[in-house]
file start-v7.txt (compact mmCIF, C-alpha atoms)
# COMPACT_ATOMS: atom_id res chain seq x y z
CA MET X 205 -4.66 52.03 30.93
CA LEU X 206 -5.69 48.71 29.41
CA LYS X 207 -4.94 45.51 31.29
CA LEU X 208 -2.71 42.90 29.60
CA LYS X 209 -5.42 40.24 30.07
CA THR X 210 -7.85 42.34 28.09
CA ILE X 211 -5.39 42.66 25.18
CA THR X 212 -4.58 38.93 24.94
CA THR X 213 -8.09 37.56 25.22
CA LYS X 214 -9.96 40.05 23.11
CA GLY X 215 -8.60 42.05 20.26
CA PHE X 216 -9.97 44.67 17.96
CA VAL X 217 -10.66 42.22 15.10
CA ILE X 218 -9.75 38.76 16.38
CA SER X 219 -8.85 37.34 19.78
CA PHE X 220 -5.40 35.86 20.57
CA ASP X 221 -6.90 32.37 21.14
CA ALA X 222 -8.73 32.56 17.86
CA MET X 223 -5.48 33.50 16.11
CA ILE X 224 -3.62 30.53 17.65
CA SER X 225 -6.50 28.23 16.76
CA GLY X 226 -6.47 29.61 13.23
CA LEU X 227 -2.75 28.99 12.92
CA ILE X 228 -3.14 25.41 14.19
CA LEU X 229 -5.96 24.84 11.74
CA LEU X 230 -3.91 26.23 8.86
CA THR X 231 -0.92 24.04 9.84
CA ILE X 232 -3.13 20.93 9.91
CA VAL X 233 -4.62 21.78 6.52
CA MET X 234 -1.13 22.40 5.11
CA LEU X 235 0.07 19.06 6.45
CA LEU X 236 -2.97 17.36 4.96
CA PHE X 237 -2.30 18.87 1.54
CA SER X 238 1.38 17.92 1.67
CA VAL X 239 0.49 14.31 2.59
CA ILE X 240 -2.13 14.15 -0.17
CA SER X 241 0.30 15.53 -2.77
CA SER X 242 3.10 13.14 -1.74
CA ASN X 243 0.61 10.26 -1.88
CA ALA X 244 -0.40 11.37 -5.37
CA ILE X 245 3.25 11.37 -6.49
CA ILE X 246 3.78 7.88 -5.01
CA ALA X 247 0.59 6.63 -6.72
CA LYS X 248 1.74 8.06 -10.06
CA ASN X 249 5.13 6.36 -9.75
CA LYS X 250 3.48 3.08 -8.76
CA LEU X 251 1.17 3.29 -11.76
CA ASN X 252 4.12 3.81 -14.07
CA GLU X 253 6.03 0.96 -12.44
CA ASN X 254 2.97 -1.26 -12.69
CA GLU X 255 2.63 -0.46 -16.40
CA LYS X 256 6.29 -1.30 -16.94
CA GLU X 257 5.93 -4.61 -15.09
CA LEU X 258 2.90 -5.61 -17.16
CA PHE X 259 4.72 -4.63 -20.35
CA ILE X 260 7.82 -6.69 -19.56
CA PHE X 261 5.57 -9.70 -18.77
CA SER X 262 3.95 -9.32 -22.20
CA LEU X 263 7.24 -8.75 -24.02
CA SER X 264 8.99 -11.79 -22.54
CA GLU X 265 5.86 -13.87 -23.12
CA ALA X 266 5.73 -12.77 -26.78
CA ILE X 267 9.39 -13.63 -27.35
CA ILE X 268 9.05 -17.19 -26.04
CA LYS X 269 5.55 -18.01 -27.30
CA ASN X 270 5.35 -16.42 -30.76
CA ARG X 271 7.38 -16.48 -33.93
CA ASN X 272 7.89 -13.44 -36.10
CA THR X 273 10.83 -13.68 -38.50
CA LYS X 274 10.52 -10.01 -39.52
CA GLN X 275 10.33 -8.70 -35.95
CA PRO X 276 11.98 -11.29 -33.68
CA SER X 277 11.69 -8.93 -30.70
CA ILE X 278 8.03 -9.92 -30.51
CA GLY X 279 8.51 -13.60 -31.32
CA SER X 280 11.58 -15.82 -31.55
CA VAL X 281 10.17 -19.28 -31.05
CA TYR X 282 11.57 -22.26 -32.91
CA TYR X 283 9.44 -23.70 -35.71
CA ASN X 284 9.39 -27.48 -35.66
CA SER X 285 8.94 -28.50 -39.29
CA GLU X 286 8.28 -32.14 -38.39
CA LYS X 287 5.38 -31.25 -36.10
CA GLN X 288 4.50 -28.26 -38.31
CA ARG X 289 4.07 -25.93 -35.37
CA VAL X 290 6.00 -23.58 -33.16
CA GLU X 291 7.08 -24.86 -29.78
CA SER X 292 6.47 -22.73 -26.70
CA ASN X 293 9.55 -21.93 -24.64
CA VAL X 294 11.86 -23.35 -27.33
CA VAL X 295 13.69 -20.31 -28.68
CA ASP X 296 15.50 -20.17 -32.01
CA LEU X 297 19.03 -18.88 -31.51
CA LYS X 298 19.16 -17.53 -35.08
CA LEU X 299 16.15 -15.29 -34.42
CA LEU X 300 17.37 -14.31 -30.98
CA LYS X 301 20.61 -13.01 -32.51
CA LYS X 302 18.61 -10.74 -34.84
CA ILE X 303 16.93 -8.86 -31.98
CA THR X 304 18.22 -5.32 -31.47
CA PRO X 305 17.42 -2.61 -28.89
CA LYS X 306 13.97 -1.25 -29.61
CA LYS X 307 11.63 1.52 -28.52
CA PHE X 308 8.14 0.54 -27.42
CA GLY X 309 6.45 3.90 -26.79
CA LYS X 310 7.76 5.17 -23.47
CA PHE X 311 9.66 1.94 -22.79
CA TYR X 312 12.92 0.73 -24.24
CA PHE X 313 13.98 -2.88 -24.76
CA SER X 314 17.59 -2.35 -23.72
CA GLU X 315 19.19 -5.71 -22.97
CA LEU X 316 18.85 -9.36 -23.84
CA TYR X 317 20.93 -12.18 -22.46
CA THR X 318 20.99 -15.91 -21.85
CA LYS X 319 22.46 -17.46 -18.76
CA THR X 320 23.45 -20.99 -17.85
CA THR X 321 25.12 -22.22 -14.68
CA THR X 322 28.49 -21.66 -16.28
CA GLU X 323 28.21 -18.69 -18.64
CA LYS X 324 26.29 -15.54 -19.54
CA ASN X 325 25.87 -14.51 -23.15
CA VAL X 326 24.77 -10.91 -23.75
CA PHE X 327 23.18 -10.39 -27.20
CA PHE X 328 22.93 -6.62 -26.80
CA LYS X 329 23.12 -4.06 -24.05
CA ASP X 330 22.17 -0.39 -24.25
CA GLU X 331 22.03 0.99 -20.72
CA LYS X 332 19.24 3.36 -19.73
CA ASN X 333 17.55 4.46 -16.51
CA ASN X 334 14.93 2.76 -14.33
CA CYS X 335 15.23 -0.73 -15.73
CA LEU X 336 13.36 -3.92 -14.92
CA VAL X 337 14.67 -7.43 -15.53
CA GLN X 338 12.61 -10.53 -16.10
CA GLU X 339 14.07 -13.98 -16.54
CA ARG X 340 12.35 -16.87 -18.30
CA PHE X 341 13.30 -20.52 -18.42
CA ILE X 342 13.68 -21.70 -22.00
CA ILE X 343 15.29 -24.24 -24.28
CA LEU X 344 17.72 -22.56 -26.61
CA LYS X 345 17.61 -24.29 -29.97
CA ASN X 346 20.63 -24.19 -32.20
CA ILE X 347 22.10 -27.38 -33.63
CA THR X 348 21.71 -28.79 -30.14
CA GLU X 349 19.24 -27.91 -27.40
CA GLN X 350 20.23 -26.32 -24.13
CA LYS X 351 18.17 -25.38 -21.08
CA THR X 352 18.92 -21.77 -20.24
CA ILE X 353 17.57 -18.62 -18.64
CA LEU X 354 16.54 -15.82 -21.01
CA GLY X 355 16.86 -12.36 -19.47
CA VAL X 356 14.84 -9.43 -20.83
CA VAL X 357 15.64 -5.90 -19.62
CA LEU X 358 13.14 -3.10 -20.12
CA CYS X 359 13.98 0.52 -19.30
CA GLU X 360 12.30 3.91 -19.48
CA ASN X 361 12.98 6.02 -22.53
CA MET S 1 -8.99 29.74 26.23
CA LYS S 2 -11.75 29.59 23.69
CA THR S 3 -14.03 26.70 24.56
CA LYS S 4 -16.92 27.07 22.15
CA GLY S 5 -17.27 27.66 18.44
CA LEU S 6 -15.71 26.46 15.23
CA LEU S 7 -12.11 26.97 16.37
CA SER S 8 -12.35 25.53 19.87
CA ILE S 9 -9.54 23.23 21.05
CA GLU S 10 -11.89 20.24 21.09
CA ILE S 11 -12.95 20.66 17.50
CA LEU S 12 -9.33 21.16 16.42
CA LEU S 13 -8.32 17.99 18.22
CA ALA S 14 -11.23 16.12 16.67
CA PHE S 15 -10.20 17.47 13.24
CA ALA S 16 -6.59 16.39 13.80
CA VAL S 17 -7.67 12.89 14.87
CA PHE S 18 -9.95 12.64 11.82
CA ILE S 19 -7.07 13.59 9.51
CA ILE S 20 -4.69 11.12 11.20
CA ILE S 21 -7.26 8.35 10.70
CA ILE S 22 -7.67 9.23 7.01
CA ILE S 23 -3.91 9.34 6.45
CA SER S 24 -3.26 6.06 8.28
CA ILE S 25 -5.73 4.03 6.19
CA PRO S 26 -3.45 1.55 4.37
CA THR S 27 -3.60 1.55 0.59
CA PRO S 28 -4.19 -1.91 -0.90
CA LYS S 29 -1.04 -3.47 -2.39
CA ASN S 30 -1.04 -4.81 -5.91
CA HIS S 31 -0.42 -8.57 -5.69
CA LEU S 32 -1.55 -9.20 -9.25
CA ASN S 33 1.86 -8.63 -10.84
CA GLN S 34 3.55 -10.92 -8.32
CA THR S 35 1.02 -13.64 -9.12
CA ILE S 36 1.54 -13.23 -12.89
CA LEU S 37 5.31 -13.44 -12.42
CA SER S 38 5.05 -16.57 -10.27
CA ASN S 39 2.65 -18.22 -12.73
CA GLN S 40 4.96 -17.48 -15.65
CA LYS S 41 7.91 -19.04 -13.82
CA ILE S 42 5.91 -22.15 -12.92
CA ASN S 43 4.56 -22.52 -16.46
CA ASP S 44 8.04 -22.19 -17.98
CA LEU S 45 9.29 -25.09 -15.90
CA LEU S 46 6.25 -27.30 -16.45
CA ILE S 47 6.29 -26.75 -20.22
CA ILE S 48 9.95 -27.70 -20.48
CA TRP S 49 9.66 -30.71 -18.16
CA THR S 50 6.72 -32.14 -20.07
CA ARG S 51 8.27 -31.53 -23.47
CA GLU S 52 10.67 -34.38 -22.96
CA LYS S 53 11.05 -36.96 -20.28
CA THR S 54 12.71 -35.34 -17.30
CA ASN S 55 13.65 -37.23 -14.18
CA GLU S 56 13.23 -35.94 -10.64
CA SER S 57 16.85 -35.01 -10.02
CA GLU S 58 16.93 -33.03 -13.26
CA MET S 59 13.72 -31.21 -12.25
CA ILE S 60 15.24 -30.26 -8.91
CA LYS S 61 18.41 -29.11 -10.66
CA ASP S 62 16.38 -26.91 -13.07
CA ALA S 63 14.20 -25.49 -10.31
CA ASP S 64 17.21 -24.73 -8.10
CA PHE S 65 18.87 -22.94 -10.99
CA PHE S 66 15.82 -20.96 -12.12
CA LEU S 67 13.91 -20.34 -8.88
CA GLY S 68 16.69 -20.61 -6.31
CA LYS S 69 17.20 -23.26 -3.67
CA ASN S 70 14.56 -23.63 -0.94
CA SER S 71 12.13 -21.29 -2.70
CA TYR S 72 9.72 -23.87 -4.05
CA SER S 73 7.93 -27.11 -3.35
CA LEU S 74 7.95 -29.91 -5.89
CA ASN S 75 5.59 -32.88 -5.90
CA ILE S 76 6.06 -35.75 -8.33
CA ASN S 77 3.31 -38.34 -8.09
CA GLN S 78 2.44 -37.00 -4.62
CA THR S 79 5.96 -37.53 -3.32
CA ALA S 80 7.16 -34.24 -1.93
CA ASN S 81 10.76 -33.22 -1.82
CA SER S 82 12.27 -31.81 1.36
CA ASN S 83 11.34 -28.22 0.52
CA GLU S 84 7.70 -29.02 1.33
CA LEU S 85 8.33 -27.94 4.93
CA PHE S 86 8.08 -24.25 4.05
CA VAL S 87 4.96 -22.12 4.02
CA PHE S 88 3.97 -21.51 0.43
CA GLU S 89 2.14 -18.83 -1.39
CA ASN S 90 -1.06 -19.80 -3.10
CA VAL S 91 0.60 -19.90 -6.51
CA SER S 92 1.13 -23.34 -7.88
CA GLY S 93 0.94 -25.24 -11.11
CA GLU S 94 0.13 -28.85 -11.77
CA ILE S 95 0.42 -30.93 -14.90
CA ILE S 96 0.14 -34.56 -15.91
CA SER S 97 2.89 -35.63 -18.26
CA ARG S 98 1.59 -38.41 -20.52
CA LYS S 99 4.52 -40.43 -21.72
CA PRO S 100 4.13 -43.98 -23.04
CA LEU S 101 2.93 -46.30 -20.27
CA ILE S 102 3.58 -43.86 -17.43
CA ASP S 103 1.56 -40.81 -16.34
CA THR S 104 3.58 -38.46 -14.19
CA LYS S 105 1.78 -35.89 -12.06
CA ILE S 106 4.02 -32.90 -11.40
CA LYS S 107 3.05 -30.12 -9.03
CA ILE S 108 5.20 -27.12 -8.21
CA SER S 109 4.46 -24.29 -5.75
CA LEU S 110 6.39 -21.14 -5.09
CA ARG S 111 7.37 -19.92 -1.70
CA LYS S 112 6.16 -16.50 -0.54
CA ASN S 113 8.26 -13.49 -1.62
CA ASN S 114 9.76 -15.43 -4.52

call {"tool": "encode", "arguments": {"input": "start-v7.txt", "output": "structure tokens"}}
result
Amino acid sequence: MLKLKTITTKGFVISFDAMISGLILLTIVMLLFSVISSNAIIAKNKLNENEKELFIFSLSEAIIKNRNTKQPSIGSVYYNSEKQRVESNVVDLKLLKKITPKKFGKFYFSELYTKTTTEKNVFFKDEKNNCLVQERFIILKNITEQKTILGVVLCEN
Amino acid sequence: MKTKGLLSIEILLAFAVFIIIIISIPTPKNHLNQTILSNQKINDLLIIWTREKTNESEMIKDADFFLGKNSYSLNINQTANSNELFVFENVSGEIISRKPLIDTKIKISLRKNN
């Protein structure tokens, strides 16, 4: 009759210790792969978020630095005819009112508003998921000039 | 217990420690976007303040409204306002406003996490 000790320490193909060690090794490798894959998912999300942040910086910058009467969503700056130039951070209310929600590849320009200490004026709002907001300090030019915050909201399509 | 070979306890422990070290290495954070955002905010204020003559109280009012109270430091001709006491991030903007007869040096810095 075989002794129990003989069975547990040495087997026909593999020993009991070797099996336990193998299981530990497999568990560690599995854990490693799960951590690597979750890190990869986090990195992918960060990359996407980073891209969105850079895009909203560019979009808000374009609106308050450029003038494009045909596409005011990429330029709504006031043109000073006396100085014969556009004025940075001075936004033309007429052009701002023409801006509508717009697709920019995988991003969506979904909301535009101005905000003073007393009131908030929403030009358009089309709610989507995963949105980012950036606010810029501008002078809103109509008949009069008013210091205000311009809010740009960018979402994922 | 098995004491020698590829699957010995020692080598497994060493392997586990090695993996823990690899996993615990911190990934560098992206501060670039935060810096761009801070610079844009600072530039917006400086552009508007230098466009037309703006007095100190108006500047503080604008900055409080746009940046939030106690989140910035403002220097006008080297005279700091009370918010200077805070520790500030290394994002700041400076401009000299040239109006007739008077040059005004305006410097604004943003507080960390703003």

call {"tool": "atom_distance", "arguments": {"input": "start-v7.txt", "atom1": "atom CA of Gln350 of chain X", "atom2": "atom CA of Asp62 of chain S"}}
result
11.7 Å

call {"tool": "closest_residue", "arguments": {"input": "start-v7.txt", "among": "S:Ile108, S:Phe15, S:Ser57, S:His31", "to": "Ser71 of chain S", "atoms": "all atoms listed in the file"}}
result
S:Ile108

call {"tool": "residues_around", "arguments": {"input": "start-v7.txt", "residues": "segment 229-238 of chain X", "least_positions_apart": "4", "cutoff": "10 Å", "atoms": "all atoms listed in the file", "output": "PyMOL selection string"}}
result
(chain X and resi 223-225+242-244) or (chain S and resi 7+11-13+15-16+19-20+22-23)

call {"tool": "closest_atom_pairs", "arguments": {"input": "start-v7.txt", "of": "chain X", "to": "chain S", "cutoff": "8 Å", "atoms": "all atoms listed in the file", "output": "tab-separated table"}}
result
residue	atom	partner	partner_atom	distance
X:Thr213	CA	S:Met1	CA	7.9
X:Asp221	CA	S:Met1	CA	6.1
X:Ala222	CA	S:Leu7	CA	6.7
X:Ser225	CA	S:Leu7	CA	5.8
X:Gly226	CA	S:Leu7	CA	7.0
X:Ile228	CA	S:Leu12	CA	7.8
X:Leu229	CA	S:Leu12	CA	6.8
X:Ile232	CA	S:Ala16	CA	6.9
X:Leu236	CA	S:Ile19	CA	7.2
X:Val239	CA	S:Ile23	CA	7.7
X:Asn254	CA	S:Asn33	CA	7.7
X:Glu257	CA	S:Asn33	CA	7.1
X:Leu258	CA	S:Asn33	CA	7.1
X:Phe261	CA	S:Leu37	CA	7.4
X:Ser292	CA	S:Ile47	CA	7.6
X:Asn293	CA	S:Asp44	CA	6.8
X:Thr321	CA	S:Phe65	CA	7.3
X:Arg340	CA	S:Lys41	CA	6.7
X:Phe341	CA	S:Asp44	CA	5.5
X:Ile342	CA	S:Asp44	CA	6.9
X:Ile343	CA	S:Ile48	CA	7.4
X:Ile353	CA	S:Phe66	CA	7.1

call {"tool": "residues_around", "arguments": {"input": "start-v7.txt", "residues": "Leu297 of chain X", "least_positions_apart": "2", "cutoff": "7 Å", "atoms": "only C-alpha atoms", "output": "VMD selection string"}}
result
chain X and resid 295 299 to 301 344 to 346

call {"tool": "residues_around", "arguments": {"input": "start-v7.txt", "residues": "Phe311 of chain X", "least_positions_apart": "5", "cutoff": "9 Å", "atoms": "all atoms listed in the file", "output": "PDB file with C-alpha atoms, in the frame of the given file"}}
result
ATOM      1  CA  LYS X 256       6.290  -1.300 -16.940  1.00  0.00           C
ATOM      2  CA  PHE X 259       4.720  -4.630 -20.350  1.00  0.00           C
ATOM      3  CA  LYS X 306      13.970  -1.250 -29.610  1.00  0.00           C
ATOM      4  CA  LEU X 358      13.140  -3.100 -20.120  1.00  0.00           C
ATOM      5  CA  CYS X 359      13.980   0.520 -19.300  1.00  0.00           C
ATOM      6  CA  GLU X 360      12.300   3.910 -19.480  1.00  0.00           C
ATOM      7  CA  ASN X 361      12.980   6.020 -22.530  1.00  0.00           C
TER       8      ASN X 361
END

call {"tool": "atom_distance", "arguments": {"input": "start-v7.txt", "atom1": "atom CA of Asn39 of chain S", "atom2": "atom CA of Ser109 of chain S"}}
result
9.4 Å

call {"tool": "residues_around", "arguments": {"input": "start-v7.txt", "residues": "Lys298 of chain X", "least_positions_apart": "3", "cutoff": "12 Å", "atoms": "all atoms listed in the file", "output": "PyMOL selection string"}}
result
chain X and resi 271+273+276+279-283+295+301-303+327+344-347

call {"tool": "atom_distance", "arguments": {"input": "start-v7.txt", "atom1": "atom CA of Lys61 of chain S", "atom2": "atom CA of Val294 of chain X"}}
result
18.8 Å

call {"tool": "residues_around", "arguments": {"input": "start-v7.txt", "residues": "Ile267 of chain X", "least_positions_apart": "2", "cutoff": "6 Å", "atoms": "all atoms listed in the file", "output": "MDAnalysis selection string"}}
result
chainID X and resid 264:265 269:270 278:280
